[in-house]
Amino acid sequence: MKTALVMEGGAMRGMFTCGVIDALMERGIAFDGAAGISAGAVFGCNYKSGQRGRAIRYNKRYCGDPRYCSVRSLLTTGDLYGADFCYRELPDELDVFDRAAFRENSMAFFVGATDVETGGCVYRELRDGGAEDMLWLRASASMPAVSRPVAVDGRRLLDGGISDAVPFAFMEGLGYDRNVIVLTQPRGYRKSPAAGMPLMRLMLRRYPRVARAMAARHEMYNRQMEQIDAREACGAALVIRPPEPLGIRRTEKRPEELERVYRIGVREAQRRMDEVAAFLAGERS
């Protein structure tokens, strides 16, 4: 039996995930592996480094900083979320990412990103939290049309959520058969077709397969939700999700809103904690 933590993205809905993982870390819950997409990867990497509280701390402190996320950053750098600030200055200087702890933790940590040439999702195991790992984290969270593709390992990559919203099937394929899945939408949520696809296709005209994946993203997402619901119903997965819509903006800049959503995640994880422990111990079929 191999256990895994699987984390959906969702921009600042990821504050819910931050609350969940901090509660799990506080309880001392360990996994054999973990996988994250987009915000699920960027925030979830703190599980492997054991830095409870780090993600909510730096988000509350810097959410209003134009170097972190702003139209100014988009216009001057090509990235809504400032690449140098988010993936160098912040983890290296301002709220230091514990690379030694990340490297020494035996839990495997995987991140997914979308290859702009194929429109498919590719995965990388992050091992040391160094510069190349940071490129993969940045790639996984690089939202289309407001981010530059990230060049790494001979590929050009964008947001993993375009092609694989929740990487549970990837982890199952690696033999992880006891998966705790953290979602950032409530039970029953289904995506509608993306609005503004003609404009999106124009903005992504250099990457037609990414545009095609974006147009079909709601179908992929809704199919995954059906599959996750089926796994949950038969006890093959344990799903932690918000009890109701989080009502937070994708680029929320109010610290109190980040804290509110974070606390929902903490409470929901605490409510399910005994169930999580039993599930990971193989006591739920």
# chains A, B, ... in the order shown; residues from 1 in each chain; ligands from 1
call {"tool": "residues_around", "arguments": {"residues": "A:Asp65", "least_positions_apart": "6", "cutoff": "12 Å", "atoms": "only C-alpha atoms", "output": "list of chain:residue names"}}
result
A:Tyr58, A:Asn59, A:Val71, A:Arg72, A:Ser73, A:Leu80, A:Tyr81, A:Gly82, A:Phe85, A:Cys86, A:Leu90, A:Thr251, A:Glu252, A:Lys253, A:Arg254, A:Pro255
call {"tool": "write_last_selection", "arguments": {"atoms": "all heavy atoms", "output": "compact mmCIF listing (two decimals), in the first residue's frame"}}
result
# COMPACT_ATOMS: atom_id res chain seq x y z
N TYR A 58 3.40 34.11 3.85
CA TYR A 58 3.94 34.99 2.80
C TYR A 58 2.84 35.51 1.89
O TYR A 58 2.96 36.62 1.36
CB TYR A 58 5.08 34.32 2.03
CG TYR A 58 4.74 33.26 1.02
CD1 TYR A 58 4.10 33.57 -0.17
CD2 TYR A 58 5.16 31.94 1.21
CE1 TYR A 58 3.83 32.59 -1.12
CE2 TYR A 58 4.89 30.97 0.28
CZ TYR A 58 4.23 31.29 -0.89
OH TYR A 58 3.97 30.33 -1.83
N ASN A 59 1.78 34.76 1.71
CA ASN A 59 0.69 35.28 0.89
C ASN A 59 0.02 36.47 1.54
O ASN A 59 -0.28 37.47 0.87
CB ASN A 59 -0.32 34.18 0.59
CG ASN A 59 0.05 33.37 -0.63
OD1 ASN A 59 -0.15 33.80 -1.76
ND2 ASN A 59 0.62 32.18 -0.41
N VAL A 71 -0.96 44.01 -12.52
CA VAL A 71 -0.96 44.36 -13.94
C VAL A 71 0.38 44.98 -14.31
O VAL A 71 0.89 44.76 -15.41
CB VAL A 71 -2.13 45.31 -14.26
CG1 VAL A 71 -2.04 45.81 -15.70
CG2 VAL A 71 -3.47 44.60 -14.03
N ARG A 72 0.97 45.73 -13.39
CA ARG A 72 2.28 46.31 -13.65
C ARG A 72 3.31 45.23 -13.93
O ARG A 72 4.13 45.35 -14.85
CB ARG A 72 2.74 47.17 -12.46
CG ARG A 72 4.03 47.95 -12.74
CD ARG A 72 4.45 48.78 -11.54
NE ARG A 72 5.18 47.97 -10.56
CZ ARG A 72 5.62 48.46 -9.39
NH1 ARG A 72 5.35 49.71 -9.05
NH2 ARG A 72 6.29 47.70 -8.56
N SER A 73 3.27 44.17 -13.14
CA SER A 73 4.19 43.05 -13.37
C SER A 73 3.94 42.44 -14.74
O SER A 73 4.88 42.12 -15.48
CB SER A 73 4.02 41.99 -12.28
OG SER A 73 4.81 40.86 -12.56
N LEU A 80 1.90 37.93 -14.86
CA LEU A 80 1.05 38.53 -13.84
C LEU A 80 1.67 38.34 -12.46
O LEU A 80 1.71 39.26 -11.64
CB LEU A 80 -0.35 37.91 -13.90
CG LEU A 80 -1.38 38.49 -12.94
CD1 LEU A 80 -1.71 39.93 -13.30
CD2 LEU A 80 -2.66 37.63 -12.96
N TYR A 81 2.12 37.11 -12.18
CA TYR A 81 2.85 36.83 -10.96
C TYR A 81 4.34 36.96 -11.27
O TYR A 81 4.87 36.21 -12.10
CB TYR A 81 2.53 35.42 -10.43
CG TYR A 81 1.19 35.34 -9.74
CD1 TYR A 81 0.02 35.12 -10.47
CD2 TYR A 81 1.08 35.52 -8.37
CE1 TYR A 81 -1.22 35.06 -9.84
CE2 TYR A 81 -0.16 35.46 -7.73
CZ TYR A 81 -1.29 35.23 -8.47
OH TYR A 81 -2.52 35.18 -7.85
N GLY A 82 4.99 37.92 -10.64
CA GLY A 82 6.37 38.24 -10.96
C GLY A 82 7.30 37.05 -10.75
O GLY A 82 7.45 36.57 -9.62
N PHE A 85 10.44 37.68 -8.39
CA PHE A 85 10.03 37.90 -7.01
C PHE A 85 9.50 36.61 -6.38
O PHE A 85 9.90 36.24 -5.27
CB PHE A 85 8.97 38.99 -6.93
CG PHE A 85 8.55 39.31 -5.53
CD1 PHE A 85 9.33 40.13 -4.72
CD2 PHE A 85 7.39 38.79 -5.00
CE1 PHE A 85 8.97 40.42 -3.40
CE2 PHE A 85 7.01 39.06 -3.69
CZ PHE A 85 7.79 39.87 -2.89
N CYS A 86 8.59 35.93 -7.09
CA CYS A 86 7.91 34.77 -6.51
C CYS A 86 8.81 33.55 -6.38
O CYS A 86 8.65 32.76 -5.44
CB CYS A 86 6.70 34.41 -7.36
SG CYS A 86 5.36 35.62 -7.33
N LEU A 90 11.51 35.76 -3.03
CA LEU A 90 10.69 35.34 -1.90
C LEU A 90 11.24 34.07 -1.24
O LEU A 90 11.49 34.06 -0.02
CB LEU A 90 9.24 35.14 -2.36
CG LEU A 90 8.15 35.18 -1.29
CD1 LEU A 90 6.80 35.46 -1.91
CD2 LEU A 90 8.09 33.91 -0.47
N THR A 251 -7.06 36.39 -7.79
CA THR A 251 -5.89 37.19 -7.43
C THR A 251 -6.20 38.06 -6.21
O THR A 251 -5.89 39.24 -6.18
CB THR A 251 -5.43 38.06 -8.61
OG1 THR A 251 -6.53 38.88 -9.04
CG2 THR A 251 -4.97 37.20 -9.78
N GLU A 252 -6.81 37.45 -5.21
CA GLU A 252 -7.23 38.16 -4.01
C GLU A 252 -6.05 38.88 -3.34
O GLU A 252 -4.97 38.30 -3.16
CB GLU A 252 -7.86 37.18 -3.02
CG GLU A 252 -8.37 37.81 -1.74
CD GLU A 252 -9.43 38.86 -2.01
OE1 GLU A 252 -10.51 38.50 -2.50
OE2 GLU A 252 -9.15 40.05 -1.73
N LYS A 253 -6.27 40.15 -2.97
CA LYS A 253 -5.22 40.96 -2.35
C LYS A 253 -5.56 41.39 -0.93
O LYS A 253 -4.82 42.19 -0.34
CB LYS A 253 -4.93 42.18 -3.23
CG LYS A 253 -4.37 41.82 -4.60
CD LYS A 253 -4.04 43.06 -5.41
CE LYS A 253 -3.48 42.68 -6.78
NZ LYS A 253 -2.21 41.90 -6.66
N ARG A 254 -6.65 40.89 -0.39
CA ARG A 254 -7.01 41.25 0.98
C ARG A 254 -6.55 40.14 1.93
O ARG A 254 -7.07 39.02 1.87
CB ARG A 254 -8.51 41.46 1.09
CG ARG A 254 -9.03 42.68 0.33
CD ARG A 254 -10.55 42.73 0.31
NE ARG A 254 -11.11 41.62 -0.46
CZ ARG A 254 -12.40 41.35 -0.55
NH1 ARG A 254 -13.28 42.11 0.12
NH2 ARG A 254 -12.83 40.34 -1.28
N PRO A 255 -5.61 40.44 2.84
CA PRO A 255 -5.12 39.41 3.74
C PRO A 255 -6.21 38.74 4.56
O PRO A 255 -6.15 37.53 4.83
CB PRO A 255 -4.14 40.18 4.65
CG PRO A 255 -3.69 41.33 3.81
CD PRO A 255 -4.89 41.72 3.00
call {"tool": "residues_around", "arguments": {"residues": "A:Asp79", "least_positions_apart": "3", "cutoff": "6 Å", "atoms": "only C-alpha atoms", "output": "JSON, numbers by chain"}}
result
{"A": [74, 82, 146, 147]}
call {"tool": "closest_residue", "arguments": {"among": "A:Ala83, A:Met143, A:Arg124, A:Pro208", "to": "A:Ala11", "atoms": "only C-alpha atoms"}}
result
A:Met143
call {"tool": "residues_around", "arguments": {"residues": "stretch 238-250 of chain A", "least_positions_apart": "2", "cutoff": "9 Å", "atoms": "only C-alpha atoms", "output": "JSON, numbers by chain"}}
result
{"A": [10, 11, 12, 13, 16, 17, 20, 178, 179, 180, 181, 182, 183, 184, 185, 186, 187, 189, 228, 229, 231, 232, 235, 236, 252, 253, 257, 258, 261, 264, 265, 268, 269, 272, 275, 276, 279]}
call {"tool": "write_last_selection", "arguments": {"atoms": "N, CA and C atoms", "output": "short mmCIF file (atom, residue, chain, number, x, y, z; two decimals), in the first residue's frame"}}
result
data_model
loop_
_atom_site.label_atom_id
_atom_site.label_comp_id
_atom_site.auth_asym_id
_atom_site.auth_seq_id
_atom_site.Cartn_x
_atom_site.Cartn_y
_atom_site.Cartn_z
N GLY A 10 -6.15 26.22 -8.51
CA GLY A 10 -7.28 27.12 -8.30
C GLY A 10 -6.89 28.50 -7.82
N ALA A 11 -5.64 28.93 -8.11
CA ALA A 11 -5.17 30.25 -7.71
C ALA A 11 -5.40 30.45 -6.21
N MET A 12 -6.01 31.54 -5.77
CA MET A 12 -6.11 31.81 -4.34
C MET A 12 -7.16 30.96 -3.63
N ARG A 13 -7.91 30.14 -4.37
CA ARG A 13 -8.66 29.09 -3.67
C ARG A 13 -7.68 28.14 -2.99
N PHE A 16 -7.36 27.42 0.78
CA PHE A 16 -8.04 26.29 1.42
C PHE A 16 -7.08 25.13 1.55
N THR A 17 -6.36 24.82 0.48
CA THR A 17 -5.38 23.74 0.51
C THR A 17 -4.30 24.02 1.56
N VAL A 20 -5.62 23.02 4.85
CA VAL A 20 -5.69 21.56 4.98
C VAL A 20 -4.32 20.98 5.28
N ARG A 178 -3.67 4.66 -2.04
CA ARG A 178 -4.43 5.23 -0.93
C ARG A 178 -4.23 6.73 -0.99
N ASN A 179 -5.11 7.42 -1.72
CA ASN A 179 -4.90 8.83 -2.02
C ASN A 179 -5.89 9.73 -1.30
N VAL A 180 -5.35 10.73 -0.61
CA VAL A 180 -6.15 11.81 -0.04
C VAL A 180 -6.11 12.94 -1.07
N ILE A 181 -7.28 13.30 -1.59
CA ILE A 181 -7.38 14.29 -2.66
C ILE A 181 -7.96 15.58 -2.08
N VAL A 182 -7.24 16.68 -2.26
CA VAL A 182 -7.70 17.98 -1.78
C VAL A 182 -8.21 18.79 -2.97
N LEU A 183 -9.50 19.09 -2.96
CA LEU A 183 -10.13 19.89 -4.01
C LEU A 183 -10.42 21.30 -3.47
N THR A 184 -10.58 22.24 -4.38
CA THR A 184 -10.84 23.62 -3.95
C THR A 184 -12.22 24.12 -4.38
N GLN A 185 -13.06 23.20 -4.83
CA GLN A 185 -14.47 23.50 -5.11
C GLN A 185 -15.33 22.52 -4.32
N PRO A 186 -16.55 22.92 -3.96
CA PRO A 186 -17.41 22.05 -3.15
C PRO A 186 -17.96 20.87 -3.95
N ARG A 187 -18.53 19.94 -3.23
CA ARG A 187 -19.13 18.76 -3.86
C ARG A 187 -20.18 19.18 -4.89
N TYR A 189 -19.67 20.60 -7.79
CA TYR A 189 -19.27 21.66 -8.72
C TYR A 189 -18.85 21.06 -10.05
N ILE A 228 -13.46 11.01 -9.52
CA ILE A 228 -13.13 11.19 -8.11
C ILE A 228 -14.32 10.83 -7.23
N ASP A 229 -15.51 11.26 -7.62
CA ASP A 229 -16.71 10.91 -6.85
C ASP A 229 -16.88 9.40 -6.76
N ARG A 231 -14.50 7.10 -6.93
CA ARG A 231 -13.47 6.57 -6.04
C ARG A 231 -13.82 6.83 -4.59
N GLU A 232 -14.34 8.01 -4.33
CA GLU A 232 -14.74 8.33 -2.96
C GLU A 232 -15.87 7.42 -2.50
N GLY A 235 -14.64 4.04 -1.48
CA GLY A 235 -13.59 4.02 -0.47
C GLY A 235 -12.19 3.94 -1.01
N ALA A 236 -12.01 4.13 -2.31
CA ALA A 236 -10.68 4.05 -2.91
C ALA A 236 -9.90 5.34 -2.74
N GLU A 252 -6.81 37.45 -5.21
CA GLU A 252 -7.23 38.16 -4.01
C GLU A 252 -6.05 38.88 -3.34
N LYS A 253 -6.27 40.15 -2.97
CA LYS A 253 -5.22 40.96 -2.35
C LYS A 253 -5.56 41.39 -0.93
N GLU A 257 -9.20 38.05 3.65
CA GLU A 257 -9.89 37.05 2.83
C GLU A 257 -9.05 35.79 2.69
N LEU A 258 -7.75 35.96 2.54
CA LEU A 258 -6.86 34.80 2.49
C LEU A 258 -6.95 34.01 3.79
N VAL A 261 -10.32 31.98 4.08
CA VAL A 261 -10.35 30.73 3.31
C VAL A 261 -9.39 29.70 3.90
N ILE A 264 -11.03 27.98 6.77
CA ILE A 264 -11.99 26.96 6.33
C ILE A 264 -11.26 25.65 6.07
N GLY A 265 -10.09 25.74 5.41
CA GLY A 265 -9.32 24.54 5.16
C GLY A 265 -8.84 23.87 6.44
N GLU A 268 -11.88 22.16 8.10
CA GLU A 268 -12.36 20.98 7.38
C GLU A 268 -11.41 19.81 7.56
N ALA A 269 -10.10 20.08 7.55
CA ALA A 269 -9.14 19.00 7.77
C ALA A 269 -9.23 18.47 9.19
N ARG A 272 -12.01 16.11 9.67
CA ARG A 272 -11.85 14.81 9.02
C ARG A 272 -10.61 14.04 9.49
N GLU A 275 -10.66 10.36 10.37
CA GLU A 275 -11.01 9.62 9.17
C GLU A 275 -9.80 9.48 8.25
N VAL A 276 -9.04 10.57 8.11
CA VAL A 276 -7.82 10.53 7.28
C VAL A 276 -6.84 9.51 7.84
N PHE A 279 -8.03 6.01 7.18
CA PHE A 279 -7.93 5.69 5.75
C PHE A 279 -6.50 5.36 5.36
#
call {"tool": "closest_residue", "arguments": {"among": "A:Gly119, A:Phe170, A:Arg263, A:Glu132", "to": "A:Arg217", "atoms": "only C-alpha atoms"}}
result
A:Gly119
call {"tool": "decode", "arguments": {"residues": "stretch 65-80 of chain A", "atoms": "N, CA, C and O atoms", "output": "PDB file, in the first residue's frame"}}
result
ATOM      1  N   ASP A  65       1.646  43.384  -2.799  1.00  0.00           N
ATOM      2  CA  ASP A  65       2.898  43.893  -3.348  1.00  0.00           C
ATOM      3  C   ASP A  65       2.865  43.752  -4.869  1.00  0.00           C
ATOM      4  O   ASP A  65       2.675  42.644  -5.379  1.00  0.00           O
ATOM      5  N   PRO A  66       3.047  44.847  -5.618  1.00  0.00           N
ATOM      6  CA  PRO A  66       2.980  44.743  -7.078  1.00  0.00           C
ATOM      7  C   PRO A  66       4.045  43.838  -7.681  1.00  0.00           C
ATOM      8  O   PRO A  66       3.887  43.348  -8.802  1.00  0.00           O
ATOM      9  N   ARG A  67       5.108  43.559  -6.945  1.00  0.00           N
ATOM     10  CA  ARG A  67       6.116  42.626  -7.445  1.00  0.00           C
ATOM     11  C   ARG A  67       5.603  41.196  -7.420  1.00  0.00           C
ATOM     12  O   ARG A  67       6.067  40.347  -8.190  1.00  0.00           O
ATOM     13  N   TYR A  68       4.643  40.939  -6.537  1.00  0.00           N
ATOM     14  CA  TYR A  68       4.103  39.580  -6.374  1.00  0.00           C
ATOM     15  C   TYR A  68       3.075  39.283  -7.461  1.00  0.00           C
ATOM     16  O   TYR A  68       3.202  38.310  -8.201  1.00  0.00           O
ATOM     17  N   CYS A  69       2.067  40.141  -7.558  1.00  0.00           N
ATOM     18  CA  CYS A  69       1.011  39.934  -8.550  1.00  0.00           C
ATOM     19  C   CYS A  69       0.387  41.278  -8.880  1.00  0.00           C
ATOM     20  O   CYS A  69      -0.167  41.932  -7.995  1.00  0.00           O
ATOM     21  N   SER A  70       0.467  41.682 -10.158  1.00  0.00           N
ATOM     22  CA  SER A  70      -0.107  42.969 -10.542  1.00  0.00           C
ATOM     23  C   SER A  70      -0.121  43.111 -12.050  1.00  0.00           C
ATOM     24  O   SER A  70       0.632  42.436 -12.775  1.00  0.00           O
ATOM     25  N   VAL A  71      -0.962  44.014 -12.522  1.00  0.00           N
ATOM     26  CA  VAL A  71      -0.962  44.360 -13.942  1.00  0.00           C
ATOM     27  C   VAL A  71       0.378  44.980 -14.310  1.00  0.00           C
ATOM     28  O   VAL A  71       0.891  44.758 -15.412  1.00  0.00           O
ATOM     29  N   ARG A  72       0.966  45.731 -13.389  1.00  0.00           N
ATOM     30  CA  ARG A  72       2.283  46.313 -13.649  1.00  0.00           C
ATOM     31  C   ARG A  72       3.312  45.227 -13.933  1.00  0.00           C
ATOM     32  O   ARG A  72       4.131  45.352 -14.852  1.00  0.00           O
ATOM     33  N   SER A  73       3.266  44.171 -13.136  1.00  0.00           N
ATOM     34  CA  SER A  73       4.185  43.055 -13.369  1.00  0.00           C
ATOM     35  C   SER A  73       3.941  42.436 -14.740  1.00  0.00           C
ATOM     36  O   SER A  73       4.884  42.125 -15.479  1.00  0.00           O
ATOM     37  N   LEU A  74       2.664  42.274 -15.091  1.00  0.00           N
ATOM     38  CA  LEU A  74       2.331  41.697 -16.397  1.00  0.00           C
ATOM     39  C   LEU A  74       2.872  42.553 -17.537  1.00  0.00           C
ATOM     40  O   LEU A  74       3.465  42.040 -18.496  1.00  0.00           O
ATOM     41  N   LEU A  75       2.700  43.860 -17.421  1.00  0.00           N
ATOM     42  CA  LEU A  75       3.120  44.763 -18.497  1.00  0.00           C
ATOM     43  C   LEU A  75       4.637  44.893 -18.592  1.00  0.00           C
ATOM     44  O   LEU A  75       5.184  45.069 -19.684  1.00  0.00           O
ATOM     45  N   THR A  76       5.317  44.805 -17.464  1.00  0.00           N
ATOM     46  CA  THR A  76       6.768  45.020 -17.472  1.00  0.00           C
ATOM     47  C   THR A  76       7.575  43.736 -17.612  1.00  0.00           C
ATOM     48  O   THR A  76       8.718  43.779 -18.091  1.00  0.00           O
ATOM     49  N   THR A  77       6.999  42.599 -17.204  1.00  0.00           N
ATOM     50  CA  THR A  77       7.754  41.345 -17.246  1.00  0.00           C
ATOM     51  C   THR A  77       7.116  40.278 -18.121  1.00  0.00           C
ATOM     52  O   THR A  77       7.779  39.297 -18.462  1.00  0.00           O
ATOM     53  N   GLY A  78       5.830  40.441 -18.446  1.00  0.00           N
ATOM     54  CA  GLY A  78       5.126  39.404 -19.194  1.00  0.00           C
ATOM     55  C   GLY A  78       4.469  38.368 -18.318  1.00  0.00           C
ATOM     56  O   GLY A  78       3.841  37.427 -18.822  1.00  0.00           O
ATOM     57  N   ASP A  79       4.583  38.533 -16.983  1.00  0.00           N
ATOM     58  CA  ASP A  79       3.993  37.584 -16.042  1.00  0.00           C
ATOM     59  C   ASP A  79       3.156  38.330 -15.009  1.00  0.00           C
ATOM     60  O   ASP A  79       3.663  39.250 -14.345  1.00  0.00           O
ATOM     61  N   LEU A  80       1.899  37.931 -14.863  1.00  0.00           N
ATOM     62  CA  LEU A  80       1.049  38.533 -13.843  1.00  0.00           C
ATOM     63  C   LEU A  80       1.667  38.335 -12.459  1.00  0.00           C
ATOM     64  O   LEU A  80       1.707  39.263 -11.639  1.00  0.00           O
TER      65      LEU A  80
END
